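Data from structure24.csv: CSV, C-alpha atoms
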chain,number,residue,atom,x,y,z
Q,1,MET,CA,0.2,-8.1,4.8
Q,2,SER,CA,-1.5,-9.1,1.6
Q,3,ASP,CA,0.4,-8.5,-1.7
Q,4,TRP,CA,-2.3,-6.0,-2.8
Q,5,LEU,CA,-2.0,-3.9,0.3
Q,6,GLU,CA,1.8,-3.9,0.1
Q,7,ALA,CA,1.7,-2.9,-3.5
Q,8,THR,CA,-0.9,-0.1,-2.9
Q,9,PHE,CA,1.2,1.4,-0.1
Q,10,ALA,CA,4.4,1.3,-2.2
Q,11,GLN,CA,2.6,2.8,-5.2
Q,12,HIS,CA,1.2,5.8,-3.2
Q,13,ARG,CA,4.1,6.3,-0.8
Q,14,PRO,CA,6.2,8.8,-2.9
Q,15,ARG,CA,3.4,11.2,-3.6
Q,16,ALA,CA,2.0,10.9,0.0
Q,17,ILE,CA,5.4,11.4,1.7
Q,18,ALA,CA,6.1,14.4,-0.6
Q,19,ALA,CA,2.7,16.1,0.1
Q,20,LEU,CA,3.1,15.4,3.9
Q,21,THR,CA,6.6,16.8,3.9
Q,22,ARG,CA,5.3,20.0,2.4
Q,23,VAL,CA,2.6,20.2,5.1
Q,24,PHE,CA,4.8,19.4,8.1
Q,25,HIS,CA,8.2,20.7,6.9
Q,26,ASP,CA,9.7,17.6,8.4
Q,27,ILE,CA,10.6,14.3,6.7
Q,28,ASP,CA,10.5,12.2,9.9
Q,29,ALA,CA,7.0,13.6,10.7
Q,30,ALA,CA,5.8,12.8,7.2
Q,31,GLU,CA,7.1,9.2,7.4
Q,32,ASP,CA,5.5,8.7,10.8
Q,33,ALA,CA,2.2,10.0,9.6
Q,34,PHE,CA,2.2,7.8,6.5
Q,35,ALA,CA,3.1,4.8,8.6
Q,36,ASP,CA,0.1,5.6,10.9
Q,37,ALA,CA,-2.2,5.8,7.9
Q,38,CYS,CA,-0.9,2.4,6.6
Q,39,LEU,CA,-1.5,0.8,10.0
Q,40,LYS,CA,-5.0,2.1,10.1
Q,41,ALA,CA,-5.6,0.9,6.5
Q,42,LEU,CA,-4.5,-2.6,7.6
Q,43,SER,CA,-7.2,-2.8,10.1
Q,44,VAL,CA,-10.0,-0.9,8.3
Q,45,TRP,CA,-9.8,-1.9,4.6
Q,46,PRO,CA,-10.0,-5.7,5.0
Q,47,VAL,CA,-13.3,-5.1,7.0
Q,48,ASP,CA,-14.9,-2.2,5.2
Q,49,GLY,CA,-13.4,-2.7,1.8
Q,50,ALA,CA,-10.9,-0.5,0.0
Q,51,PRO,CA,-11.9,3.2,-0.5
Q,52,ARG,CA,-12.8,4.5,-3.9
Q,53,ASP,CA,-9.6,6.6,-3.9
Q,54,PRO,CA,-6.9,4.8,-1.8
Q,55,PHE,CA,-4.4,7.7,-2.2
Q,56,ALA,CA,-6.8,10.3,-1.0
Q,57,TRP,CA,-7.8,8.1,2.0
Q,58,LEU,CA,-4.2,7.5,2.9
Q,59,LEU,CA,-3.2,11.2,2.6
Q,60,THR,CA,-6.2,12.4,4.6
Q,61,THR,CA,-5.6,9.8,7.4
Q,62,ALA,CA,-1.9,10.5,7.4
Q,63,ARG,CA,-2.4,14.3,7.6
Q,64,ASN,CA,-4.8,14.1,10.5
Q,65,ALA,CA,-2.6,11.5,12.3
Q,66,GLY,CA,0.4,13.8,11.8
Q,67,LEU,CA,-1.6,16.8,13.2
Q,68,ASP,CA,-2.4,14.7,16.3
Q,69,ARG,CA,1.3,14.1,16.7
Q,70,VAL,CA,2.1,17.7,16.3
Q,71,ARG,CA,-0.4,18.8,18.9
Q,72,THR,CA,0.7,16.2,21.5
Q,73,ALA,CA,4.5,16.4,21.0
Q,74,ARG,CA,6.2,19.3,22.8
Q,75,ARG,CA,8.9,19.5,20.3
Q,76,ARG,CA,6.3,20.3,17.7
Q,77,ALA,CA,4.7,23.2,19.6
Q,78,ALA,CA,6.6,25.9,17.8
Q,79,LEU,CA,5.7,24.4,14.4
Q,80,LEU,CA,2.0,24.2,15.3
Q,81,ALA,CA,2.1,27.9,16.4
Q,82,ARG,CA,3.7,29.0,13.2
Q,83,HIS,CA,1.3,27.1,11.0
Q,84,ALA,CA,-1.9,27.0,13.0
Q,85,GLU,CA,-4.1,28.3,10.2
Q,86,GLU,CA,-2.4,26.1,7.6
Q,87,LEU,CA,-2.6,22.9,9.7
Q,88,GLN,CA,-6.3,22.4,10.0
Q,89,PRO,CA,-7.7,18.9,10.0
Q,90,MET,CA,-9.0,17.6,6.8
Q,91,SER,CA,-12.6,16.4,6.5
Q,92,ALA,CA,-13.3,12.7,6.0
Q,93,ASP,CA,-14.2,13.5,2.4
Q,94,PRO,CA,-11.5,12.9,-0.2
Q,95,PRO,CA,-9.5,16.2,-0.8
Q,96,ASP,CA,-9.4,18.0,-4.1
Q,97,LEU,CA,-6.0,16.9,-5.2
Q,98,ASP,CA,-4.1,19.1,-7.7
Q,99,PRO,CA,-1.9,16.8,-9.9
Q,100,ASP,CA,0.5,19.7,-10.6
Q,101,ALA,CA,1.0,20.4,-6.9
Q,102,LEU,CA,1.6,16.7,-6.2
Q,103,ARG,CA,4.1,16.5,-9.0
Q,104,ASP,CA,6.0,19.4,-7.6
Q,105,ASP,CA,5.8,17.9,-4.1
Q,106,VAL,CA,7.5,14.7,-5.3
Q,107,LEU,CA,10.1,16.6,-7.2
Q,108,ARG,CA,10.8,18.7,-4.2
Q,109,LEU,CA,11.2,15.7,-2.0
Q,110,LEU,CA,13.6,14.1,-4.5
Q,111,PHE,CA,15.5,17.4,-4.6
Q,112,ILE,CA,15.7,17.5,-0.9
Q,113,CYS,CA,17.4,14.1,-1.1
Q,114,CYS,CA,19.8,15.6,-3.6
Q,115,HIS,CA,20.8,18.4,-1.2
Q,116,ARG,CA,24.1,19.8,-2.2
Q,117,ASP,CA,25.6,19.4,1.3
Q,118,LEU,CA,25.2,15.6,1.2
Q,119,GLU,CA,27.7,13.2,-0.4
Q,120,ARG,CA,26.3,11.4,-3.4
Q,121,ARG,CA,26.0,8.0,-1.6
Q,122,ASP,CA,24.0,9.7,1.2
Q,123,GLN,CA,21.7,11.4,-1.4
Q,124,ILE,CA,21.0,7.9,-2.8
Q,125,ALA,CA,20.5,6.4,0.6
Q,126,MET,CA,18.0,9.2,1.5
Q,127,ALA,CA,16.1,8.7,-1.7
Q,128,LEU,CA,15.9,4.9,-1.2
Q,129,ARG,CA,14.6,5.3,2.4
Q,130,ILE,CA,12.3,8.3,2.0
Q,131,VAL,CA,10.9,8.1,-1.5
Q,132,ALA,CA,11.3,4.4,-2.4
Q,133,GLY,CA,10.4,3.3,1.1
Q,134,LEU,CA,13.1,0.6,1.5
Q,135,SER,CA,14.0,-0.5,5.0
Q,136,VAL,CA,17.4,0.4,6.5
Q,137,GLU,CA,18.3,-3.3,6.3
Q,138,GLU,CA,17.5,-3.4,2.5
Q,139,ILE,CA,19.5,-0.3,1.8
Q,140,ALA,CA,22.4,-1.6,3.9
Q,141,ARG,CA,22.4,-4.8,1.8
Q,142,GLY,CA,22.4,-2.7,-1.3
Q,143,PHE,CA,25.5,-0.8,-0.2
Q,144,LEU,CA,27.1,-3.9,1.5
Q,145,VAL,CA,27.4,-2.2,4.9
Q,146,LYS,CA,26.0,-3.0,8.3
Q,147,PRO,CA,22.4,-1.8,9.0
Q,148,LYS,CA,23.6,0.3,12.0
Q,149,THR,CA,26.1,2.1,9.8
Q,150,MET,CA,23.4,2.8,7.2
Q,151,GLU,CA,21.0,4.0,9.9
Q,152,GLN,CA,23.5,6.4,11.3
Q,153,ARG,CA,24.3,7.7,7.8
Q,154,ILE,CA,20.7,8.4,7.0
Q,155,THR,CA,20.1,10.0,10.4
Q,156,ARG,CA,23.1,12.3,9.9
Q,157,ALA,CA,21.9,13.2,6.4
Q,158,LYS,CA,18.4,14.1,7.7
Q,159,LYS,CA,19.8,16.3,10.4
Q,160,LYS,CA,22.0,18.1,7.8
Q,161,VAL,CA,19.0,18.7,5.6
Q,162,ALA,CA,16.9,19.9,8.5
Q,163,ALA,CA,19.6,22.3,9.7
Q,164,SER,CA,19.9,23.8,6.2
Q,165,HIS,CA,16.2,25.1,6.2
Q,166,VAL,CA,15.4,23.9,2.7
Q,167,PRO,CA,12.5,26.0,1.3
Q,168,PHE,CA,9.2,24.3,0.7
Q,169,GLU,CA,7.5,26.7,-1.6
Q,170,THR,CA,6.5,25.8,-5.2
Q,171,PRO,CA,9.6,26.1,-7.4
Q,172,SER,CA,9.6,28.4,-10.4
Q,173,PRO,CA,9.7,26.8,-13.8
Q,174,ALA,CA,13.5,27.5,-14.1
Q,175,GLU,CA,14.2,26.1,-10.7
Q,176,ARG,CA,12.0,23.1,-11.4
Q,177,SER,CA,14.0,22.4,-14.5
Q,178,ALA,CA,17.3,22.6,-12.6
Q,179,ARG,CA,16.0,20.4,-9.9
Q,180,LEU,CA,14.8,17.8,-12.4
Q,181,GLN,CA,18.3,17.7,-13.9
Q,182,GLU,CA,19.8,17.1,-10.5
Q,183,VAL,CA,17.3,14.4,-9.6
Q,184,SER,CA,17.9,12.7,-13.0
Q,185,LEU,CA,21.6,12.7,-12.3
Q,186,MET,CA,21.1,11.2,-8.9
Q,187,ILE,CA,19.0,8.4,-10.3
Q,188,TYR,CA,21.5,7.8,-13.1
Q,189,LEU,CA,24.4,7.6,-10.6
Q,190,MET,CA,22.3,5.3,-8.3
Q,191,PHE,CA,21.9,2.9,-11.2
Q,192,SER,CA,25.6,3.2,-12.1
Q,193,GLU,CA,26.7,2.3,-8.6
Q,194,GLY,CA,24.3,-0.7,-8.7
Q,195,TRP,CA,25.3,-1.8,-12.1
Q,196,SER,CA,29.1,-1.5,-11.7
Q,197,ALA,CA,30.0,-1.1,-8.0
Q,198,SER,CA,32.8,1.2,-7.2
Q,199,ALA,CA,34.3,-1.3,-4.8
Q,200,GLY,CA,33.6,-4.4,-2.8
Q,201,PRO,CA,32.9,-8.1,-3.3
Q,202,ALA,CA,30.0,-7.8,-5.7
Q,203,GLN,CA,30.0,-6.5,-9.2
Q,204,MET,CA,26.3,-5.6,-9.2
Q,205,LYS,CA,24.0,-4.4,-6.4
Q,206,LEU,CA,20.6,-5.2,-8.0
Q,207,THR,CA,18.6,-3.5,-5.2
Q,208,LEU,CA,20.1,-0.1,-6.3
Q,209,CYS,CA,19.4,-0.9,-10.0
Q,210,ASP,CA,15.8,-1.9,-9.3
Q,211,GLU,CA,15.1,1.2,-7.2
Q,212,ALA,CA,16.8,3.6,-9.7
Q,213,ILE,CA,14.5,2.2,-12.4
Q,214,ARG,CA,11.5,2.6,-10.1
Q,215,LEU,CA,12.4,6.3,-9.5
Q,216,ALA,CA,13.0,6.8,-13.2
Q,217,ARG,CA,9.5,5.4,-13.9
Q,218,LEU,CA,8.2,7.9,-11.3
Q,219,LEU,CA,9.8,10.8,-13.1
Q,220,VAL,CA,8.3,9.6,-16.4
Q,221,ALA,CA,4.9,9.4,-14.8
Q,222,LEU,CA,5.3,12.9,-13.4
Q,223,PHE,CA,6.8,14.4,-16.6
Q,224,PRO,CA,5.6,12.3,-19.6
Q,225,GLY,CA,6.4,15.1,-22.0
Q,226,MET,CA,10.1,15.4,-21.0
Q,227,GLY,CA,12.1,13.5,-23.6
Q,228,GLU,CA,15.3,13.2,-21.5
Q,229,GLN,CA,13.5,11.6,-18.5
Q,230,VAL,CA,11.9,9.1,-20.9
Q,231,ALA,CA,15.3,8.4,-22.5
Q,232,LEU,CA,16.8,8.0,-19.0
Q,233,LEU,CA,14.3,5.2,-18.2
Q,234,ALA,CA,15.0,3.6,-21.6
Q,235,LEU,CA,18.8,3.7,-20.9
Q,236,LEU,CA,18.4,2.0,-17.5
Q,237,LEU,CA,16.1,-0.7,-18.9
Q,238,LEU,CA,18.5,-1.5,-21.8
Q,239,GLN,CA,21.4,-1.9,-19.4
Q,240,HIS,CA,19.5,-3.8,-16.8
Q,241,ALA,CA,18.1,-6.2,-19.4
Q,242,ARG,CA,21.7,-7.7,-19.7
Q,243,ARG,CA,22.0,-8.5,-15.9
Q,244,ASP,CA,21.6,-12.3,-16.2
Q,245,ALA,CA,24.4,-12.6,-18.7
Q,246,ARG,CA,26.9,-10.2,-17.1
Q,247,VAL,CA,28.1,-12.4,-14.2
Q,248,GLU,CA,28.4,-16.1,-14.2
Q,249,ALA,CA,27.1,-18.3,-11.4
Q,250,SER,CA,30.6,-18.6,-10.1
Q,251,GLY,CA,30.7,-14.8,-9.8
Q,252,ALA,CA,33.1,-14.3,-12.8
Q,253,LEU,CA,32.5,-11.2,-14.8
Q,254,VAL,CA,31.5,-11.7,-18.4
Q,255,ALA,CA,32.6,-9.1,-21.0
Q,256,LEU,CA,29.9,-7.6,-23.3
Q,257,ASP,CA,31.3,-9.3,-26.4
Q,258,LYS,CA,31.3,-12.7,-24.7
Q,259,GLN,CA,27.8,-12.6,-23.1
Q,260,ASP,CA,25.1,-15.1,-23.9
Q,261,ARG,CA,22.6,-12.8,-25.6
Q,262,THR,CA,19.8,-15.3,-25.3
Q,263,LEU,CA,19.9,-14.4,-21.6
Q,264,TRP,CA,19.2,-10.7,-22.3
Q,265,ARG,CA,15.6,-9.9,-21.3
Q,266,ARG,CA,13.8,-9.1,-24.6
Q,267,VAL,CA,10.6,-7.8,-22.9
Q,268,GLU,CA,12.6,-5.1,-21.2
Q,269,ILE,CA,14.5,-4.3,-24.4
Q,270,ALA,CA,11.3,-4.0,-26.3
Q,271,GLU,CA,9.9,-1.6,-23.7
Q,272,ALA,CA,13.1,0.4,-23.7
Q,273,THR,CA,13.0,0.6,-27.5
Q,274,ALA,CA,9.5,2.0,-27.5
Q,275,LEU,CA,10.5,4.5,-24.8
Q,276,LEU,CA,13.5,5.6,-26.8
Q,277,GLN,CA,11.3,6.1,-29.9
Q,278,LYS,CA,8.9,8.2,-27.8
Q,279,ALA,CA,11.8,10.3,-26.5
Q,280,GLN,CA,13.0,10.9,-30.1
Q,281,ARG,CA,9.5,12.0,-31.1
Q,282,ILE,CA,9.4,14.5,-28.2
Q,283,GLY,CA,12.7,15.9,-29.3
Q,284,HIS,CA,15.6,17.6,-27.5
Q,285,ARG,CA,18.4,15.1,-27.8
Q,286,GLY,CA,20.4,15.2,-24.7
Q,287,ALA,CA,23.0,13.0,-23.0
Q,288,TYR,CA,20.6,10.3,-21.8
Q,289,SER,CA,19.1,10.0,-25.3
Q,290,ILE,CA,22.5,9.5,-26.9
Q,291,GLN,CA,23.5,6.9,-24.3
Q,292,ALA,CA,20.2,5.1,-24.7
Q,293,ALA,CA,20.8,5.0,-28.5
Q,294,ILE,CA,24.2,3.4,-27.8
Q,295,ALA,CA,22.7,0.8,-25.6
Q,296,ALA,CA,20.0,0.2,-28.1
Q,297,ALA,CA,22.6,-0.4,-30.8
Q,298,HIS,CA,24.2,-3.1,-28.7
Q,299,ALA,CA,20.8,-4.6,-27.9
Q,300,ARG,CA,19.8,-4.9,-31.6
Q,301,ALA,CA,23.0,-6.8,-32.5
Q,302,ALA,CA,22.6,-10.6,-32.5
Q,303,SER,CA,26.3,-11.0,-31.7
Q,304,SER,CA,29.4,-8.8,-31.0
Q,305,TYR,CA,30.4,-9.3,-34.6
Q,306,GLU,CA,27.2,-7.9,-35.9
Q,307,THR,CA,27.3,-4.7,-33.8
Q,308,ASP,CA,27.2,-1.5,-35.8
Q,309,TRP,CA,30.4,0.0,-34.3
Q,310,ALA,CA,30.4,2.9,-36.8
Q,311,LEU,CA,27.0,4.0,-35.5
Q,312,ILE,CA,28.1,3.6,-31.9
Q,313,GLU,CA,31.3,5.6,-32.5
Q,314,SER,CA,29.2,8.4,-34.1
Q,315,HIS,CA,27.0,8.4,-31.1
Q,316,TYR,CA,30.0,8.7,-28.8
Q,317,ALA,CA,31.3,11.6,-31.0
Q,318,ALA,CA,28.0,13.4,-30.5
Q,319,LEU,CA,28.1,12.7,-26.8
Q,320,TYR,CA,31.7,14.0,-26.5
Q,321,ALA,CA,30.7,17.2,-28.3
Q,322,MET,CA,28.0,17.6,-25.6
Q,323,GLN,CA,30.0,16.4,-22.7
Q,324,PRO,CA,33.8,16.6,-23.5
Q,325,THR,CA,35.0,14.5,-20.6
Q,326,PRO,CA,37.9,12.0,-20.5
Q,327,VAL,CA,35.5,9.1,-19.7
Q,328,VAL,CA,33.3,9.8,-22.7
Q,329,ARG,CA,36.4,10.0,-24.9
Q,330,LEU,CA,37.6,6.7,-23.5
Q,331,ASN,CA,34.4,5.0,-24.6
Q,332,GLN,CA,34.6,6.6,-28.0
Q,333,ILE,CA,38.2,5.2,-28.3
Q,334,ALA,CA,36.8,1.7,-27.3
Q,335,ALA,CA,34.5,1.9,-30.3
Q,336,GLN,CA,37.2,3.1,-32.6
Q,337,ALA,CA,39.3,0.1,-31.6
Q,338,LYS,CA,36.7,-2.1,-33.1
Q,339,LEU,CA,36.7,-0.1,-36.3
Q,340,HIS,CA,40.4,0.8,-36.7
Q,341,GLY,CA,42.3,-1.8,-34.6
Q,342,PRO,CA,44.1,-1.8,-31.2
Q,343,ALA,CA,47.2,0.1,-32.4
Q,344,HIS,CA,45.1,3.1,-33.4
Q,345,ALA,CA,43.2,3.0,-30.1
Q,346,LEU,CA,46.5,2.8,-28.1
Q,347,ARG,CA,47.8,5.9,-29.7
Q,348,ALA,CA,44.5,7.7,-28.9
Q,349,LEU,CA,44.7,6.6,-25.3
Q,350,GLU,CA,48.0,8.4,-24.8
Q,351,GLY,CA,46.2,11.7,-24.6
Q,352,LEU,CA,44.1,10.4,-21.6
Q,353,ALA,CA,46.9,8.9,-19.5
Q,354,GLU,CA,47.1,11.9,-17.1
Q,355,ASP,CA,43.4,12.6,-16.8
Q,356,LEU,CA,42.5,9.0,-16.2
Q,357,ALA,CA,45.5,7.9,-14.1
Q,358,SER,CA,43.2,6.9,-11.2
Q,359,TYR,CA,40.4,5.4,-13.3
Q,360,ARG,CA,40.7,1.7,-13.3
Q,361,TRP,CA,38.7,1.1,-16.5
Q,362,PHE,CA,41.3,3.1,-18.4
Q,363,HIS,CA,44.1,0.8,-17.4
Q,364,ALA,CA,41.9,-2.3,-17.9
Q,365,MET,CA,41.2,-1.2,-21.5
Q,366,ARG,CA,44.8,-0.3,-22.2
Q,367,GLY,CA,45.9,-3.7,-20.9
Q,368,GLU,CA,43.6,-5.6,-23.2
Q,369,LEU,CA,44.7,-3.5,-26.2
Q,370,LEU,CA,48.3,-4.1,-25.3
Q,371,GLN,CA,47.6,-7.9,-25.2
Q,372,GLU,CA,46.0,-7.7,-28.6
Q,373,VAL,CA,49.1,-6.1,-30.1
Q,374,GLY,CA,51.4,-8.6,-28.4
Q,375,ASP,CA,53.1,-6.2,-25.9
Q,376,HIS,CA,52.5,-8.4,-22.8
Q,377,ALA,CA,55.1,-6.8,-20.6
Q,378,ALA,CA,53.4,-3.4,-20.9
Q,379,ALA,CA,50.0,-5.2,-20.5
Q,380,LEU,CA,51.2,-6.6,-17.1
Q,381,ALA,CA,52.0,-3.1,-15.9
Q,382,ALA,CA,48.6,-1.9,-17.0
Q,383,PHE,CA,46.8,-4.7,-15.2
Q,384,ASP,CA,48.9,-4.1,-12.0
Q,385,ALA,CA,47.6,-0.5,-12.1
Q,386,VAL,CA,44.0,-1.9,-12.2
Q,387,LEU,CA,44.7,-4.0,-9.1
Q,388,ALA,CA,46.1,-1.0,-7.3
Q,389,LEU,CA,42.9,0.9,-7.8
Q,390,ALA,CA,40.7,-1.3,-5.6
Q,391,PRO,CA,38.5,-3.1,-8.2
Q,392,THR,CA,35.5,-5.3,-7.2
Q,393,GLU,CA,36.3,-8.9,-6.5
Q,394,PRO,CA,34.8,-10.1,-9.9
Q,395,GLU,CA,37.0,-7.5,-11.7
Q,396,ARG,CA,40.0,-8.6,-9.7
Q,397,ARG,CA,39.5,-12.2,-10.8
Q,398,ALA,CA,39.1,-11.2,-14.4
Q,399,VAL,CA,42.3,-9.1,-14.3
Q,400,ARG,CA,44.3,-11.9,-12.7
Q,401,GLU,CA,43.3,-14.3,-15.5
Q,402,LYS,CA,44.6,-11.7,-18.0
Q,403,ILE,CA,47.8,-11.3,-16.0
Q,404,ALA,CA,48.3,-15.1,-16.0
Q,405,ARG,CA,47.9,-15.1,-19.8
Q,406,SER,CA,50.4,-12.3,-20.3
Q,407,GLU,CA,52.9,-13.9,-17.9
Q,408,LYS,CA,52.8,-17.1,-19.9
Q,409,GLU,CA,53.6,-15.1,-23.1
Q,410,VAL,CA,56.4,-13.1,-21.4
Q,411,GLN,CA,58.0,-16.4,-20.1
Q,412,GLY,CA,57.6,-17.9,-23.6
Q,413,LEU,CA,55.4,-20.8,-22.4
Kindly return the structure encoded in the file as structure tokens.
Amino acid sequence: MSDWLEATFAQHRPRAIAALTRVFHDIDAAEDAFADACLKALSVWPVDGAPRDPFAWLLTTARNAGLDRVRTARRRAALLARHAEELQPMSADPPDLDPDALRDDVLRLLFICCHRDLERRDQIAMALRIVAGLSVEEIARGFLVKPKTMEQRITRAKKKVAASHVPFETPSPAERSARLQEVSLMIYLMFSEGWSASAGPAQMKLTLCDEAIRLARLLVALFPGMGEQVALLALLLLQHARRDARVEASGALVALDKQDRTLWRRVEIAEATALLQKAQRIGHRGAYSIQAAIAAAHARAASSYETDWALIESHYAALYAMQPTPVVRLNQIAAQAKLHGPAHALRALEGLAEDLASYRWFHAMRGELLQEVGDHAAALAAFDAVLALAPTEPERRAVREKIARSEKEVQGL
């Protein structure tokens, strides 16, 4: 397949699958119909030339191919009877496409992937397969599982969604807003899992990061006037711009203050900065806007020593006022440690000990602060707690290096 055809199919897939899912009320039928249209395009376009509107051509061809499947498949007989009037073949002429309807179709499809009965990892896998169009093998590599395991997981998720009779009508403005928030959270968590894996041999799963950014771009294209969606894309780009400096060739994890900032991708940082400025002009400062502002403050600093920690701490204070969670407070304390010293931060951490007992980043941060104040025996206990909470292999290696350093201090070497 030529690069142009592959890029064209990938570009139009989300909207086409979304529209076809609304027509057929079945995700598998929508995927099959779109695949049929792509196969036909592969044989027709190189000979006759690309159509004036590739998306309209693909949608028309897929819809008609799907109707052929509906008519001939016995298991679709009931569906055809219920929707006989609605499911009339399209003419060969390009349809009159309503951008608002297509936008709602894509949002609905993403929301289906975010079905409340699915585990978050299954929501992400569904979105990667159905909306992003990744193969089962690609998704399996992203999650570091076997393709057969991933295929079974996606199949079970589809069946669960099908059994729940998800409504396909156009959502109300209030429901659309709620769905948009849920979809944004799913994309944010998809990136988070890719950026800092919850477990396993790899620290980063770049496939998940790349696809989360792709979906975030889709949201911005669908809702260009929504500041939080623009800020979400800015946040992901700012984080992802540091990927080359975050892990050494040996696989060792590199802390933010020790990263080679010449490896940070300045083109992505520039794009993210422009997006953040756009989000600020639109208004409505939400959690993604604040987190993007924090990431931008890091990106602006030429070195760790030049970082505006006072500004970052104030951003975290604003975020904590909006989302008073222990993890946000932990990050605020990390900024305070840069401003007021490790002893101040250790006292502040005491109030989080119970809430974050099973959060490995709490123990890792506490261990580092204890090393700074010279309490290496307590630091060893904190690092042991990190190892007990199944860190990734790069994290485990970094923690073991810190343990070795404290053991030398305890032994007086």
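Taking atom CA of Q:Arg214 and atom CA of Q:Ala132 as endpoints, the distance between them is 7.9 Å.
The space separating atom CA of Q:Met322 from atom CA of Q:Arg285 comes to 10.2 Å.
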Which of these residues is nearest to Q:Gln239, using all atoms listed in the file: Q:Gln152, Q:Tyr288, Q:Ile187, Q:Ala299?
Q:Ala299
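Taking atom CA of Q:Asp244 and atom CA of Q:Glu137 as the two end points, the separation is 24.5 Å.
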Test item: residues at most 9 Å from Q:Arg300, all atoms listed in the file, excluding those fewer than 5 positions along its chain, as JSON, numbers by chain:
{"Q": [269, 295, 307]}
Restricting the calculation to all atoms listed in the file: of Q:Ala382, Q:Ala249, Q:Ala302, Q:Leu275, which residue gets closest to Q:Arg261?
Q:Ala302
My list of candidates is Q:Glu268, Q:Phe362, Q:Val254, Q:Ile124. Which is closest to Q:Ile154 when distances are computed with only C-alpha atoms?
Q:Ile124
Close residues, stretch 13-25 of chain Q itself excluded, 8 Å, only C-alpha atoms, min 2 positions apart in chain, as a list of chain:residue names:
Q:Phe9, Q:Ala10, Q:Gln11, Q:Ile27, Q:Ala29, Q:Ala30, Q:Glu31, Q:Ala33, Q:Phe34, Q:Phe55, Q:Leu58, Q:Leu59, Q:Ala62, Q:Arg63, Q:Leu87, Q:Leu102, Q:Arg103, Q:Asp105, Q:Val106, Q:Arg108, Q:Leu109, Q:Ile130, Q:Val131, Q:Ala132, Q:Gly133, Q:Phe168
Rank nothing, just name the residue among Q:Ala343, Q:Ala377, Q:Val70, Q:Met186 nearest to Q:Met126, using all atoms listed in the file.
Q:Met186
Counting all atoms listed in the file, the residue among Q:Leu110, Q:Val373, Q:Leu180, Q:Leu356 that lies closest to Q:Ala385 is Q:Leu356
